[in-house]
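Source file: input.txt. Holds: compact mmCIF, C-alpha atoms.
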# COMPACT_ATOMS: atom_id res chain seq x y z
CA MET H 1 -50.04 -30.29 -31.01
CA GLU H 2 -51.36 -33.84 -30.58
CA PRO H 3 -50.17 -36.49 -33.06
CA PRO H 4 -52.93 -37.74 -35.37
CA ASN H 5 -54.65 -41.05 -34.72
CA LEU H 6 -53.50 -43.79 -37.06
CA TYR H 7 -55.86 -46.55 -38.16
CA PRO H 8 -54.57 -49.83 -39.63
CA VAL H 9 -55.59 -50.70 -43.20
CA LYS H 10 -55.63 -54.36 -44.26
CA LEU H 11 -56.30 -56.02 -47.60
CA TYR H 12 -58.23 -59.27 -47.28
CA VAL H 13 -57.46 -61.64 -50.15
CA TYR H 14 -59.74 -64.56 -51.02
CA ASP H 15 -59.19 -67.21 -53.68
CA LEU H 16 -62.62 -67.65 -55.26
CA SER H 17 -61.41 -70.89 -56.87
CA LYS H 18 -60.46 -72.40 -53.48
CA GLY H 19 -57.20 -73.71 -54.97
CA LEU H 20 -58.63 -74.99 -58.26
CA ALA H 21 -57.00 -72.21 -60.30
CA ARG H 22 -53.57 -73.37 -59.16
CA ARG H 23 -54.29 -76.95 -60.26
CA LEU H 24 -56.36 -76.40 -63.38
CA SER H 25 -55.08 -73.16 -64.94
CA PRO H 26 -52.11 -74.80 -66.72
CA ILE H 27 -54.52 -77.19 -68.44
CA MET H 28 -57.35 -74.72 -69.10
CA LEU H 29 -55.34 -71.58 -69.84
CA GLY H 30 -51.87 -72.83 -70.67
CA LYS H 31 -50.61 -70.58 -67.90
CA GLN H 32 -50.13 -71.01 -64.15
CA LEU H 33 -52.42 -68.91 -61.96
CA GLU H 34 -52.17 -69.03 -58.19
CA GLY H 35 -55.79 -68.04 -57.61
CA ILE H 36 -58.84 -66.10 -58.73
CA TRP H 37 -58.64 -63.16 -56.37
CA HIS H 38 -61.43 -61.33 -54.59
CA THR H 39 -60.26 -58.54 -52.30
CA SER H 40 -61.68 -56.18 -49.74
CA ILE H 41 -60.37 -53.45 -47.49
CA VAL H 42 -60.58 -53.70 -43.71
CA VAL H 43 -60.45 -50.41 -41.84
CA HIS H 44 -62.34 -48.91 -38.90
CA LYS H 45 -63.39 -52.40 -37.72
CA ASP H 46 -65.31 -53.29 -40.91
CA GLU H 47 -64.64 -55.06 -44.21
CA PHE H 48 -65.58 -53.11 -47.36
CA PHE H 49 -65.93 -54.65 -50.82
CA PHE H 50 -67.46 -54.01 -54.24
CA GLY H 51 -69.60 -56.28 -56.39
CA SER H 52 -72.57 -56.12 -58.71
CA GLY H 53 -74.67 -54.91 -55.75
CA GLY H 54 -72.40 -51.89 -55.27
CA ILE H 55 -70.27 -51.20 -52.20
CA SER H 56 -71.01 -53.40 -49.19
CA SER H 57 -69.59 -53.93 -45.73
CA CYS H 58 -69.62 -56.55 -43.01
CA PRO H 59 -67.60 -57.49 -39.96
CA PRO H 60 -64.10 -58.66 -41.00
CA GLY H 61 -64.31 -62.19 -42.42
CA GLY H 62 -68.11 -62.01 -42.37
CA THR H 63 -68.83 -62.74 -46.05
CA LEU H 64 -69.89 -66.19 -47.22
CA LEU H 65 -66.27 -66.62 -48.29
CA GLY H 66 -65.35 -67.02 -44.62
CA PRO H 67 -61.90 -66.06 -43.41
CA PRO H 68 -59.49 -64.62 -46.00
CA ASP H 69 -56.79 -66.77 -47.56
CA SER H 70 -54.28 -64.05 -46.75
CA VAL H 71 -54.12 -60.61 -45.16
CA VAL H 72 -51.85 -57.90 -46.53
CA ASP H 73 -50.89 -54.96 -44.31
CA VAL H 74 -51.44 -51.97 -46.60
CA GLY H 75 -50.34 -49.42 -43.99
CA SER H 76 -52.05 -46.90 -41.75
CA THR H 77 -54.29 -43.93 -42.35
CA GLU H 78 -55.18 -40.72 -40.59
CA VAL H 79 -58.57 -40.69 -42.36
CA THR H 80 -61.30 -40.83 -39.73
CA GLU H 81 -64.25 -43.19 -39.98
CA GLU H 82 -66.61 -40.28 -40.64
CA ILE H 83 -64.56 -38.95 -43.56
CA PHE H 84 -64.04 -42.48 -44.90
CA LEU H 85 -67.77 -43.24 -44.90
CA GLU H 86 -68.46 -39.95 -46.73
CA TYR H 87 -65.83 -40.93 -49.30
CA LEU H 88 -67.42 -44.38 -49.74
CA SER H 89 -70.85 -42.84 -50.15
CA SER H 90 -69.48 -40.60 -52.89
CA LEU H 91 -67.82 -43.57 -54.63
CA GLY H 92 -71.06 -45.56 -54.37
CA GLU H 93 -72.93 -42.81 -56.18
CA SER H 94 -70.32 -42.38 -58.92
CA LEU H 95 -67.51 -44.78 -59.87
CA PHE H 96 -68.65 -47.82 -57.91
CA ARG H 97 -72.38 -48.16 -58.52
CA GLY H 98 -73.46 -51.79 -58.82
CA GLU H 99 -74.19 -51.50 -62.53
CA ALA H 100 -70.62 -50.30 -63.13
CA TYR H 101 -69.24 -53.70 -62.05
CA ASN H 102 -67.29 -55.54 -64.74
CA LEU H 103 -65.40 -58.75 -63.98
CA PHE H 104 -62.35 -57.77 -66.04
CA GLU H 105 -62.19 -53.99 -65.95
CA HIS H 106 -64.00 -52.62 -62.89
CA ASN H 107 -64.24 -55.15 -60.09
CA CYS H 108 -63.61 -55.74 -56.38
CA ASN H 109 -59.86 -55.42 -56.93
CA THR H 110 -60.26 -52.10 -58.73
CA PHE H 111 -62.24 -50.90 -55.72
CA SER H 112 -59.71 -52.19 -53.18
CA ASN H 113 -56.88 -50.54 -55.11
CA GLU H 114 -58.72 -47.20 -55.26
CA VAL H 115 -59.57 -47.25 -51.55
CA ALA H 116 -56.08 -48.38 -50.51
CA GLN H 117 -54.57 -45.44 -52.42
CA PHE H 118 -57.05 -43.00 -50.86
CA LEU H 119 -56.32 -44.23 -47.34
CA THR H 120 -52.57 -44.90 -47.50
CA GLY H 121 -51.21 -43.69 -50.84
CA ARG H 122 -50.22 -47.31 -51.61
CA LYS H 123 -51.55 -49.68 -54.27
CA ILE H 124 -52.56 -53.28 -53.68
CA PRO H 125 -50.17 -55.97 -55.01
CA SER H 126 -49.89 -56.15 -58.80
CA TYR H 127 -50.33 -59.95 -58.87
CA ILE H 128 -53.96 -59.16 -57.98
CA THR H 129 -54.62 -56.18 -60.26
CA ASP H 130 -52.85 -57.81 -63.23
CA LEU H 131 -54.91 -61.02 -63.11
CA PRO H 132 -57.63 -60.00 -65.62
CA SER H 133 -55.09 -59.04 -68.30
CA GLU H 134 -53.15 -62.27 -67.61
CA VAL H 135 -56.31 -64.35 -68.18
CA LEU H 136 -57.35 -62.39 -71.26
CA SER H 137 -53.88 -62.82 -72.80
CA THR H 138 -54.35 -66.61 -72.91
CA ILE H 139 -56.13 -68.80 -75.44
CA ALA H 140 -59.17 -68.74 -73.17
CA GLY H 141 -59.10 -64.96 -73.56
CA SER H 142 -60.60 -65.52 -76.99
CA ILE H 143 -63.86 -66.63 -75.31
CA PRO H 144 -66.27 -63.72 -75.54
CA ARG H 145 -65.69 -61.39 -72.59
CA ARG H 146 -69.37 -60.83 -71.97
CA GLY H 147 -70.10 -64.50 -71.29
CA MET H 148 -67.13 -64.84 -68.94
CA ALA H 149 -67.99 -61.56 -67.22
CA GLU H 150 -71.58 -62.69 -66.63
CA SER H 151 -70.39 -66.02 -65.21
CA GLY H 152 -67.99 -64.19 -62.93
CA ARG H 153 -70.69 -61.77 -61.80
CA HIS H 154 -72.93 -64.67 -60.72
CA LEU H 155 -70.05 -66.48 -58.98
CA LEU H 156 -69.16 -63.35 -56.99
CA LYS H 157 -72.80 -62.69 -56.06
CA ALA H 158 -73.19 -66.24 -54.79
CA SER H 159 -69.88 -66.14 -52.90
CA CYS H 160 -70.74 -62.91 -51.15
CA GLY H 161 -74.33 -63.91 -50.38
CA GLU H 162 -75.94 -61.55 -52.88
CA GLU H 163 -77.98 -64.23 -54.72

Could you render the structure as structure tokens?
Amino acid sequence: MEPPNLYPVKLYVYDLSKGLARRLSPIMLGKQLEGIWHTSIVVHKDEFFFGSGGISSCPPGGTLLGPPDSVVDVGSTEVTEEIFLEYLSSLGESLFRGEAYNLFEHNCNTFSNEVAQFLTGRKIPSYITDLPSEVLSTIAGSIPRRGMAESGRHLLKASCGEE
């Protein structure tokens, strides 16, 4: 019996603040943040991400964000491109429709975590998935969520070329 093909799975990590979070978060939030993370999954020679427009893809590093700030090796998968694209299509029609996007509770990092687990059985780093609760636990967390979520939605759309 032939061994299965293994395909590398990478997590692309972008700091939407371009370093400003590291400098300004202690003043604005009273807490040190290293970045405002946007993530995507790279597998089968494409980069896949989720935003208010739903699930999108591009060549790796092909968003308006440019090259990622860091790349995390999530592992390898036996899932073929055909099966993966069927899975994504199913997600795009259910859990990850564009209107389901929420900056704090159902965002690009939620998507990357879900897809990473499907492909490799591994989660993405907790410093990324824990960021919304860290922000909301600060004084600034008392700002109405809706206003911050809307601002974040527009920032992400602009960063990924959706506006």

Determine, for each residue of region 95-140 of chain H having at least one atom at most 12 Å from an atom of region 69-73 of chain H, the closest pair of atoms and their separation in Å to one decimal, counting only C-alpha atoms; order by chain and ascending number, as JSON lines.
{"residue": "H:Ser112", "atom": "CA", "partner": "H:Val72", "partner_atom": "CA", "distance": 11.8}
{"residue": "H:Ala116", "atom": "CA", "partner": "H:Asp73", "partner_atom": "CA", "distance": 10.4}
{"residue": "H:Thr120", "atom": "CA", "partner": "H:Asp73", "partner_atom": "CA", "distance": 10.7}
{"residue": "H:Arg122", "atom": "CA", "partner": "H:Asp73", "partner_atom": "CA", "distance": 10.6}
{"residue": "H:Lys123", "atom": "CA", "partner": "H:Asp73", "partner_atom": "CA", "distance": 11.3}
{"residue": "H:Ile124", "atom": "CA", "partner": "H:Val72", "partner_atom": "CA", "distance": 8.5}
{"residue": "H:Pro125", "atom": "CA", "partner": "H:Val72", "partner_atom": "CA", "distance": 8.9}
{"residue": "H:Ile128", "atom": "CA", "partner": "H:Val72", "partner_atom": "CA", "distance": 11.7}

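Within 10 Å of region 18-35 of chain H, once all atoms listed in the file are used and residues closer than 4 positions along the same chain are dropped, the contacting residues are Val13, Tyr14, Leu65, Asp69, Tyr127, Ile128, Leu131, Glu134, Val135, Leu136, Ser137, Thr138, Ile139, Ala140 and Gly141 of chain H.
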
Selection to disk with C-alpha atoms, as a short mmCIF file (atom, residue, chain, number, x, y, z; two decimals), keeping the file's coordinate frame:
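result31.cif, freshly written:
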data_model
loop_
_atom_site.label_atom_id
_atom_site.label_comp_id
_atom_site.auth_asym_id
_atom_site.auth_seq_id
_atom_site.Cartn_x
_atom_site.Cartn_y
_atom_site.Cartn_z
CA VAL H 13 -57.46 -61.64 -50.15
CA TYR H 14 -59.74 -64.56 -51.02
CA LEU H 65 -66.27 -66.62 -48.29
CA ASP H 69 -56.79 -66.77 -47.56
CA TYR H 127 -50.33 -59.95 -58.87
CA ILE H 128 -53.96 -59.16 -57.98
CA LEU H 131 -54.91 -61.02 -63.11
CA GLU H 134 -53.15 -62.27 -67.61
CA VAL H 135 -56.31 -64.35 -68.18
CA LEU H 136 -57.35 -62.39 -71.26
CA SER H 137 -53.88 -62.82 -72.80
CA THR H 138 -54.35 -66.61 -72.91
CA ILE H 139 -56.13 -68.80 -75.44
CA ALA H 140 -59.17 -68.74 -73.17
CA GLY H 141 -59.10 -64.96 -73.56
#

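CA of Pro132 (chain H) lies 10.1 Å from CA of His106 (chain H).
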
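When CA of Ser56 (chain H) is paired with CA of Ile36 (chain H), their separation reads 20.0 Å.
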
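CA of Ile55 (chain H) sits 16.2 Å away from CA of Glu105 (chain H).
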
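Using all atoms listed in the file, the nearest neighbour of Val42 (chain H) within the list H:Val115, H:Asn102, H:Glu86, H:Leu95 is H:Val115.
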
Residue among H:Ile83, H:Ala100, H:Leu64, H:Val43 lying closest to Leu11 (chain H), counting only C-alpha atoms: H:Val43

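Distances here use only C-alpha atoms; by that measure, the residue among H:Pro67, H:Gly92, H:Pro59, H:Gly75 closest to Val9 (chain H) is H:Gly75.
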
12 Å contact set for Leu85 (chain H), all atoms listed in the file, chain neighbours under 2 positions out, as a list of chain:residue names: H:Val43, H:His44, H:Asp46, H:Phe48, H:Ile55, H:Ser56, H:Ser57, H:Val79, H:Thr80, H:Glu81, H:Glu82, H:Ile83, H:Tyr87, H:Leu88, H:Ser89, H:Ser90, H:Leu91, H:Gly92, H:Val115, H:Leu119

Quick one: write out the picked residues with C-alpha atoms as a CSV table (one decimal), in the coordinates of the input?
chain,number,residue,atom,x,y,z
H,43,VAL,CA,-60.4,-50.4,-41.8
H,44,HIS,CA,-62.3,-48.9,-38.9
H,46,ASP,CA,-65.3,-53.3,-40.9
H,48,PHE,CA,-65.6,-53.1,-47.4
H,55,ILE,CA,-70.3,-51.2,-52.2
H,56,SER,CA,-71.0,-53.4,-49.2
H,57,SER,CA,-69.6,-53.9,-45.7
H,79,VAL,CA,-58.6,-40.7,-42.4
H,80,THR,CA,-61.3,-40.8,-39.7
H,81,GLU,CA,-64.2,-43.2,-40.0
H,82,GLU,CA,-66.6,-40.3,-40.6
H,83,ILE,CA,-64.6,-39.0,-43.6
H,87,TYR,CA,-65.8,-40.9,-49.3
H,88,LEU,CA,-67.4,-44.4,-49.7
H,89,SER,CA,-70.8,-42.8,-50.2
H,90,SER,CA,-69.5,-40.6,-52.9
H,91,LEU,CA,-67.8,-43.6,-54.6
H,92,GLY,CA,-71.1,-45.6,-54.4
H,115,VAL,CA,-59.6,-47.2,-51.6
H,119,LEU,CA,-56.3,-44.2,-47.3
